[in-house]
file protein-v1.cif (mmCIF, C-alpha atoms)
data_work
#
loop_
_atom_site.label_atom_id
_atom_site.label_comp_id
_atom_site.auth_asym_id
_atom_site.auth_seq_id
_atom_site.Cartn_x
_atom_site.Cartn_y
_atom_site.Cartn_z
CA GLY E 1251 20.98 96.82 -170.86
CA ALA E 1252 21.63 99.89 -172.95
CA VAL E 1253 19.58 100.04 -176.10
CA VAL E 1254 20.57 101.91 -179.24
CA SER E 1255 18.32 102.25 -182.25
CA GLN E 1256 19.02 103.30 -185.81
CA HIS E 1257 16.70 104.53 -188.48
CA PRO E 1258 16.25 103.61 -191.23
CA SER E 1259 17.44 100.03 -191.18
CA ARG E 1260 17.74 99.98 -194.93
CA VAL E 1261 17.74 102.70 -197.56
CA ILE E 1262 18.12 102.76 -201.31
CA CYS E 1263 18.78 106.06 -203.01
CA LYS E 1264 19.84 107.49 -206.32
CA SER E 1265 23.34 108.72 -206.91
CA GLY E 1266 23.71 112.39 -206.01
CA THR E 1267 21.06 112.47 -203.32
CA SER E 1268 21.63 112.86 -199.59
CA VAL E 1269 20.67 110.35 -196.97
CA LYS E 1270 20.23 110.92 -193.25
CA ILE E 1271 20.68 108.16 -190.70
CA GLU E 1272 19.55 108.59 -187.11
CA CYS E 1273 21.09 106.98 -184.07
CA ARG E 1274 19.29 107.11 -180.74
CA SER E 1275 20.19 105.89 -177.31
CA LEU E 1276 16.84 104.85 -175.91
CA ASP E 1277 17.41 104.32 -172.21
CA PHE E 1278 20.50 106.31 -171.36
CA GLN E 1279 22.17 109.59 -172.15
CA ALA E 1280 25.21 109.39 -174.32
CA THR E 1281 27.61 112.27 -174.38
CA THR E 1282 29.62 110.45 -177.00
CA MET E 1283 28.44 108.52 -180.01
CA PHE E 1284 30.50 106.85 -182.69
CA TRP E 1285 29.87 106.15 -186.36
CA TYR E 1286 31.36 103.12 -188.06
CA ARG E 1287 31.34 101.76 -191.54
CA GLN E 1288 31.51 98.09 -192.33
CA PHE E 1289 32.16 96.58 -195.74
CA PRO E 1290 31.02 93.03 -196.49
CA LYS E 1291 33.00 90.39 -194.68
CA GLN E 1292 35.15 93.03 -193.01
CA SER E 1293 35.57 94.59 -189.62
CA LEU E 1294 34.24 97.92 -188.41
CA MET E 1295 36.10 101.05 -189.35
CA LEU E 1296 35.58 104.09 -187.17
CA MET E 1297 34.51 107.10 -189.19
CA ALA E 1298 34.01 109.73 -186.53
CA THR E 1299 33.42 110.47 -182.89
CA SER E 1300 30.40 112.60 -182.11
CA ASN E 1301 30.19 114.63 -178.92
CA GLU E 1302 27.00 116.33 -177.86
CA GLY E 1303 27.09 120.03 -178.49
CA SER E 1304 30.40 120.09 -180.31
CA LYS E 1305 31.84 119.28 -183.69
CA ALA E 1306 32.54 115.71 -184.56
CA THR E 1307 36.07 114.39 -184.75
CA TYR E 1308 36.73 112.56 -187.99
CA GLU E 1309 39.20 109.78 -188.59
CA GLN E 1310 41.92 110.22 -191.11
CA GLY E 1311 40.67 109.75 -194.64
CA VAL E 1312 37.01 110.42 -193.84
CA GLU E 1313 35.60 113.44 -195.64
CA LYS E 1314 33.81 115.60 -193.11
CA ASP E 1315 31.98 117.53 -195.81
CA LYS E 1316 30.61 114.33 -197.24
CA PHE E 1317 29.67 112.64 -193.98
CA LEU E 1318 27.96 115.30 -191.90
CA ILE E 1319 27.46 114.45 -188.26
CA ASN E 1320 25.19 116.26 -185.87
CA HIS E 1321 24.87 115.40 -182.20
CA ALA E 1322 22.06 117.70 -181.19
CA SER E 1323 21.07 116.04 -177.94
CA LEU E 1324 22.27 113.49 -175.43
CA THR E 1325 20.19 110.81 -177.10
CA LEU E 1326 20.39 111.59 -180.80
CA SER E 1327 23.16 111.73 -183.37
CA THR E 1328 22.64 111.88 -187.11
CA LEU E 1329 24.89 110.99 -190.01
CA THR E 1330 24.10 112.55 -193.37
CA VAL E 1331 25.76 111.12 -196.43
CA THR E 1332 25.76 114.02 -198.87
CA SER E 1333 25.74 113.57 -202.63
CA ALA E 1334 25.89 109.84 -202.24
CA HIS E 1335 27.65 107.71 -204.84
CA PRO E 1336 27.69 103.96 -205.36
CA GLU E 1337 31.00 103.66 -203.54
CA ASP E 1338 29.26 104.98 -200.42
CA SER E 1339 27.11 101.87 -200.35
CA SER E 1340 27.88 100.13 -197.10
CA PHE E 1341 26.63 99.11 -193.70
CA TYR E 1342 26.72 102.03 -191.27
CA ILE E 1343 26.64 101.32 -187.56
CA CYS E 1344 26.49 103.75 -184.68
CA SER E 1345 27.33 103.22 -181.07
CA SER E 1346 26.73 105.13 -177.88
CA ARG E 1347 29.14 105.22 -175.01
CA THR E 1348 27.91 104.95 -171.47
CA GLY E 1349 29.62 106.51 -168.51
CA GLN E 1350 31.16 103.11 -167.88
CA GLU E 1351 33.41 103.28 -170.91
CA THR E 1352 31.36 100.76 -172.84
CA GLN E 1353 29.99 101.18 -176.33
CA TYR E 1354 26.59 99.80 -177.20
CA PHE E 1355 25.80 99.41 -180.85
CA GLY E 1356 22.78 100.08 -182.96
CA PRO E 1357 21.42 97.49 -185.39
CA GLY E 1358 22.99 99.19 -188.39
CA THR E 1359 21.74 100.82 -191.58
CA ARG E 1360 22.25 99.24 -194.96
CA LEU E 1361 22.78 101.94 -197.60
CA LEU E 1362 22.59 101.13 -201.28
CA VAL E 1363 23.30 103.90 -203.75
CA LEU E 1364 22.20 103.23 -207.30
CA ALA V 1051 48.85 102.70 -181.58
CA GLN V 1052 46.59 99.96 -180.40
CA SER V 1053 45.85 96.93 -182.54
CA VAL V 1054 43.96 93.66 -182.33
CA THR V 1055 44.66 90.38 -184.05
CA GLN V 1056 42.17 87.59 -184.44
CA PRO V 1057 44.22 84.84 -186.08
CA ASP V 1058 41.29 82.65 -187.07
CA ILE V 1059 39.11 83.93 -189.87
CA HIS V 1060 36.80 80.93 -189.82
CA ILE V 1061 36.15 78.29 -187.19
CA THR V 1062 33.80 75.33 -187.42
CA VAL V 1063 32.75 73.35 -184.37
CA SER V 1064 30.15 70.73 -183.71
CA GLU V 1065 27.19 71.58 -181.54
CA GLY V 1066 27.97 70.68 -177.96
CA ALA V 1067 31.70 70.97 -178.44
CA SER V 1068 33.83 73.51 -176.63
CA LEU V 1069 34.95 76.71 -178.29
CA GLU V 1070 37.90 79.03 -177.99
CA LEU V 1071 38.33 82.13 -180.13
CA ARG V 1072 41.70 83.77 -180.02
CA CYS V 1073 42.43 87.44 -179.61
CA ASN V 1074 45.78 89.15 -179.21
CA TYR V 1075 46.14 92.85 -178.64
CA SER V 1076 48.85 95.42 -178.74
CA TYR V 1077 48.59 98.38 -176.44
CA GLY V 1078 51.13 100.28 -174.39
CA ALA V 1079 49.12 100.78 -171.25
CA THR V 1080 46.28 99.05 -169.47
CA PRO V 1081 43.72 98.08 -172.09
CA TYR V 1082 40.00 97.83 -171.95
CA LEU V 1083 39.03 94.65 -173.79
CA PHE V 1084 35.72 93.64 -175.29
CA TRP V 1085 34.10 90.82 -177.19
CA TYR V 1086 31.15 91.53 -179.42
CA VAL V 1087 29.01 89.21 -181.53
CA GLN V 1088 27.33 90.11 -184.79
CA SER V 1089 24.63 88.14 -186.54
CA PRO V 1090 24.20 88.65 -190.30
CA GLY V 1091 22.85 92.07 -191.14
CA GLN V 1092 22.73 93.10 -187.52
CA GLY V 1093 24.61 95.40 -185.21
CA LEU V 1094 27.02 94.26 -182.53
CA GLN V 1095 26.01 92.83 -179.20
CA LEU V 1096 28.33 93.07 -176.23
CA LEU V 1097 29.25 89.64 -174.85
CA LEU V 1098 31.65 90.69 -172.13
CA LYS V 1099 34.31 93.19 -171.18
CA TYR V 1100 37.43 93.46 -169.09
CA PHE V 1101 38.59 96.62 -167.40
CA SER V 1102 40.46 95.43 -164.33
CA GLY V 1103 40.31 92.96 -161.46
CA ASP V 1104 39.60 89.27 -161.91
CA THR V 1105 41.20 88.20 -165.17
CA LEU V 1106 38.47 85.65 -165.89
CA VAL V 1107 35.31 87.46 -166.88
CA GLN V 1108 31.89 86.01 -167.41
CA GLY V 1109 29.57 87.25 -170.09
CA ILE V 1110 26.17 86.60 -171.52
CA LYS V 1111 25.08 83.43 -173.30
CA GLY V 1112 27.51 81.29 -171.33
CA PHE V 1113 30.66 82.92 -172.69
CA GLU V 1114 33.75 83.74 -170.71
CA ALA V 1115 37.12 85.26 -171.51
CA GLU V 1116 40.46 85.31 -169.79
CA PHE V 1117 42.85 88.24 -169.81
CA LYS V 1118 46.48 87.17 -169.88
CA ARG V 1119 48.75 90.17 -169.74
CA SER V 1120 51.91 88.13 -170.25
CA GLN V 1121 50.55 86.82 -173.53
CA SER V 1122 48.67 89.97 -174.53
CA SER V 1123 45.66 87.78 -175.08
CA PHE V 1124 41.95 87.87 -174.34
CA ASN V 1125 40.56 84.60 -175.65
CA LEU V 1126 36.86 83.89 -175.67
CA ARG V 1127 35.59 80.51 -174.54
CA LYS V 1128 32.39 78.56 -174.24
CA PRO V 1129 32.22 75.02 -172.85
CA SER V 1130 29.35 73.83 -175.03
CA VAL V 1131 28.39 75.56 -178.26
CA HIS V 1132 24.80 75.86 -179.42
CA TRP V 1133 23.72 76.14 -183.05
CA SER V 1134 22.46 79.65 -182.32
CA ASP V 1135 26.02 80.75 -181.51
CA ALA V 1136 26.88 80.75 -185.21
CA ALA V 1137 27.83 84.36 -185.96
CA GLU V 1138 30.76 86.72 -186.40
CA TYR V 1139 32.78 87.48 -183.30
CA PHE V 1140 34.85 90.62 -182.86
CA CYS V 1141 37.46 91.35 -180.25
CA ALA V 1142 38.13 95.03 -179.54
CA VAL V 1143 40.55 97.06 -177.47
CA GLY V 1144 39.99 100.53 -176.08
CA ALA V 1145 42.15 103.00 -174.26
CA ALA V 1146 41.85 102.74 -170.50
CA GLY V 1147 40.48 105.87 -168.97
CA GLY V 1148 39.81 107.42 -172.32
CA GLY V 1149 36.49 105.88 -173.15
CA ASN V 1150 37.40 106.68 -176.66
CA LYS V 1151 37.86 104.76 -179.81
CA LEU V 1152 37.68 101.05 -180.07
CA THR V 1153 40.00 99.19 -182.36
CA PHE V 1154 38.45 96.03 -183.70
CA GLY V 1155 39.99 92.81 -184.87
CA THR V 1156 39.06 91.46 -188.26
CA GLY V 1157 36.57 89.05 -186.76
CA THR V 1158 36.14 85.29 -186.57
CA GLN V 1159 33.27 83.64 -188.37
CA LEU V 1160 31.91 80.77 -186.32
CA LYS V 1161 30.03 77.95 -187.99
CA VAL V 1162 28.29 75.33 -185.90
CA GLU V 1163 27.67 71.90 -187.33
CA LEU V 1164 24.65 70.01 -186.10
#
call {"tool": "encode", "arguments": {"input": "protein-v1.cif", "output": "structure tokens"}}
result
Amino acid sequence: GAVVSQHPSRVICKSGTSVKIECRSLDFQATTMFWYRQFPKQSLMLMATSNEGSKATYEQGVEKDKFLINHASLTLSTLTVTSAHPEDSSFYICSSRTGQETQYFGPGTRLLVL
Amino acid sequence: AQSVTQPDIHITVSEGASLELRCNYSYGATPYLFWYVQSPGQGLQLLLKYFSGDTLVQGIKGFEAEFKRSQSSFNLRKPSVHWSDAAEYFCAVGAAGGGNKLTFGTGTQLKVEL
């Protein structure tokens, strides 16, 4: 099956610093990747849709200047949380869409901002 | 706008018993429907999906789901639950032909009693 990896799996940072999370599709090319955020005991909330070679499309209420997304290749998308604050602490999950309209998810990144 | 309702927040079953997790969706056209499973601190794993054709779909780990258009439902079933099935289960709906965003339900937490 399609495999998606994320790095790092867990990160702790100080308030005001920036954190980059990588999402890779390991065995297929993904023209579209998605970034989600999940709070404890809650469902996934879509943050943005990332298309290779173009600007990401952000969901309403998501600050594009705070959550920078770069989809530089067909197998890599990155999410950078800029000037992170404690309220940005969350579980961030990416997914990659295959040509068969199916999203495969990465294992997630736990971000803790102190 | 599309939406998904998972009426049961928590379900507890005994190992070996049958399981049914409910999912109701709202979508104006032909939906793409998915069930994902999430273990604690992990990403989502695709169990099964429905795009068209046979309304009873088989997935991994012995799961199946039935699409009932008249009831706008896509319930997940398993005839005999194993202790390892304890996890969070998410139903999701996507736009047919769009391959775009998924809308997730709030999830059902499954507990399996030995």
call {"tool": "interface_residues", "arguments": {"input": "protein-v1.cif", "of": "chain V", "to": "chain E", "cutoff": "6 Å", "atoms": "all atoms listed in the file", "output": "PyMOL selection string"}}
result
chain V and resi 1092-1094+1149+1156
call {"tool": "closest_residue", "arguments": {"input": "protein-v1.cif", "among": "V:Val1054, V:Ala1145, V:Leu1097, V:Leu1152", "to": "Tyr1075 (chain V)", "atoms": "all atoms listed in the file"}}
result
V:Val1054
call {"tool": "residues_around", "arguments": {"input": "protein-v1.cif", "residues": "Ala1067 (chain V)", "least_positions_apart": "4", "cutoff": "8 Å", "atoms": "only C-alpha atoms", "output": "ChimeraX atom specification"}}
result
/V:1063,1129-1131
call {"tool": "closest_residue", "arguments": {"input": "protein-v1.cif", "among": "V:Ala1115, V:Arg1127, V:Tyr1100, V:Gln1052", "to": "Leu1069 (chain V)", "atoms": "all atoms listed in the file"}}
result
V:Arg1127
call {"tool": "resolve_selection", "arguments": {"input": "protein-v1.cif", "expression": "the PyMOL selection byres ((chain V and resi 1136) around 10)", "output": "PyMOL selection string"}}
result
chain V and resi 1061-1063+1065+1087-1090+1131-1135+1137-1139+1159-1163
call {"tool": "build_atoms", "arguments": {"input": "protein-v1.cif", "residues": "region 1063-1079 of chain V", "atoms": "N, CA, C and O atoms", "output": "PDB file, keeping the file's coordinate frame"}}
result
ATOM      1  N   VAL V1063      32.817  74.288-185.487  1.00  0.00           N
ATOM      2  CA  VAL V1063      32.750  73.350-184.370  1.00  0.00           C
ATOM      3  C   VAL V1063      31.422  72.613-184.425  1.00  0.00           C
ATOM      4  O   VAL V1063      30.447  73.094-185.010  1.00  0.00           O
ATOM      5  N   SER V1064      31.388  71.476-183.807  1.00  0.00           N
ATOM      6  CA  SER V1064      30.150  70.730-183.710  1.00  0.00           C
ATOM      7  C   SER V1064      29.342  71.228-182.524  1.00  0.00           C
ATOM      8  O   SER V1064      29.914  71.660-181.512  1.00  0.00           O
ATOM      9  N   GLU V1065      28.050  71.158-182.651  1.00  0.00           N
ATOM     10  CA  GLU V1065      27.190  71.580-181.540  1.00  0.00           C
ATOM     11  C   GLU V1065      27.506  70.713-180.320  1.00  0.00           C
ATOM     12  O   GLU V1065      27.624  69.494-180.422  1.00  0.00           O
ATOM     13  N   GLY V1066      27.643  71.370-179.191  1.00  0.00           N
ATOM     14  CA  GLY V1066      27.970  70.680-177.960  1.00  0.00           C
ATOM     15  C   GLY V1066      29.453  70.659-177.654  1.00  0.00           C
ATOM     16  O   GLY V1066      29.861  70.394-176.516  1.00  0.00           O
ATOM     17  N   ALA V1067      30.257  70.949-178.647  1.00  0.00           N
ATOM     18  CA  ALA V1067      31.700  70.970-178.440  1.00  0.00           C
ATOM     19  C   ALA V1067      32.102  72.289-177.781  1.00  0.00           C
ATOM     20  O   ALA V1067      31.355  73.263-177.774  1.00  0.00           O
ATOM     21  N   SER V1068      33.321  72.285-177.245  1.00  0.00           N
ATOM     22  CA  SER V1068      33.830  73.510-176.630  1.00  0.00           C
ATOM     23  C   SER V1068      34.398  74.428-177.712  1.00  0.00           C
ATOM     24  O   SER V1068      34.724  74.005-178.818  1.00  0.00           O
ATOM     25  N   LEU V1069      34.522  75.698-177.327  1.00  0.00           N
ATOM     26  CA  LEU V1069      34.950  76.710-178.290  1.00  0.00           C
ATOM     27  C   LEU V1069      35.980  77.626-177.649  1.00  0.00           C
ATOM     28  O   LEU V1069      35.850  78.003-176.478  1.00  0.00           O
ATOM     29  N   GLU V1070      36.990  77.978-178.417  1.00  0.00           N
ATOM     30  CA  GLU V1070      37.900  79.030-177.990  1.00  0.00           C
ATOM     31  C   GLU V1070      38.243  79.888-179.201  1.00  0.00           C
ATOM     32  O   GLU V1070      38.742  79.376-180.208  1.00  0.00           O
ATOM     33  N   LEU V1071      37.982  81.168-179.097  1.00  0.00           N
ATOM     34  CA  LEU V1071      38.330  82.130-180.130  1.00  0.00           C
ATOM     35  C   LEU V1071      39.478  82.983-179.624  1.00  0.00           C
ATOM     36  O   LEU V1071      39.406  83.553-178.540  1.00  0.00           O
ATOM     37  N   ARG V1072      40.494  83.093-180.463  1.00  0.00           N
ATOM     38  CA  ARG V1072      41.700  83.770-180.020  1.00  0.00           C
ATOM     39  C   ARG V1072      41.693  85.261-180.334  1.00  0.00           C
ATOM     40  O   ARG V1072      41.160  85.689-181.366  1.00  0.00           O
ATOM     41  N   CYS V1073      42.290  85.996-179.433  1.00  0.00           N
ATOM     42  CA  CYS V1073      42.430  87.440-179.610  1.00  0.00           C
ATOM     43  C   CYS V1073      43.737  87.877-178.970  1.00  0.00           C
ATOM     44  O   CYS V1073      43.982  87.602-177.799  1.00  0.00           O
ATOM     45  N   ASN V1074      44.549  88.558-179.737  1.00  0.00           N
ATOM     46  CA  ASN V1074      45.780  89.150-179.210  1.00  0.00           C
ATOM     47  C   ASN V1074      45.742  90.653-179.467  1.00  0.00           C
ATOM     48  O   ASN V1074      45.299  91.098-180.513  1.00  0.00           O
ATOM     49  N   TYR V1075      46.201  91.395-178.504  1.00  0.00           N
ATOM     50  CA  TYR V1075      46.140  92.850-178.640  1.00  0.00           C
ATOM     51  C   TYR V1075      47.524  93.436-178.460  1.00  0.00           C
ATOM     52  O   TYR V1075      48.436  92.811-177.910  1.00  0.00           O
ATOM     53  N   SER V1076      47.640  94.659-178.932  1.00  0.00           N
ATOM     54  CA  SER V1076      48.850  95.420-178.740  1.00  0.00           C
ATOM     55  C   SER V1076      48.447  96.786-178.221  1.00  0.00           C
ATOM     56  O   SER V1076      47.699  97.509-178.885  1.00  0.00           O
ATOM     57  N   TYR V1077      48.915  97.093-177.021  1.00  0.00           N
ATOM     58  CA  TYR V1077      48.590  98.380-176.440  1.00  0.00           C
ATOM     59  C   TYR V1077      49.591  98.694-175.344  1.00  0.00           C
ATOM     60  O   TYR V1077      49.945  97.824-174.572  1.00  0.00           O
ATOM     61  N   GLY V1078      50.039  99.914-175.292  1.00  0.00           N
ATOM     62  CA  GLY V1078      51.130 100.280-174.390  1.00  0.00           C
ATOM     63  C   GLY V1078      50.757 100.345-172.932  1.00  0.00           C
ATOM     64  O   GLY V1078      51.595 100.154-172.067  1.00  0.00           O
ATOM     65  N   ALA V1079      49.519 100.615-172.651  1.00  0.00           N
ATOM     66  CA  ALA V1079      49.120 100.780-171.250  1.00  0.00           C
ATOM     67  C   ALA V1079      48.081  99.727-170.898  1.00  0.00           C
ATOM     68  O   ALA V1079      47.978  98.699-171.540  1.00  0.00           O
TER      69      ALA V1079
END
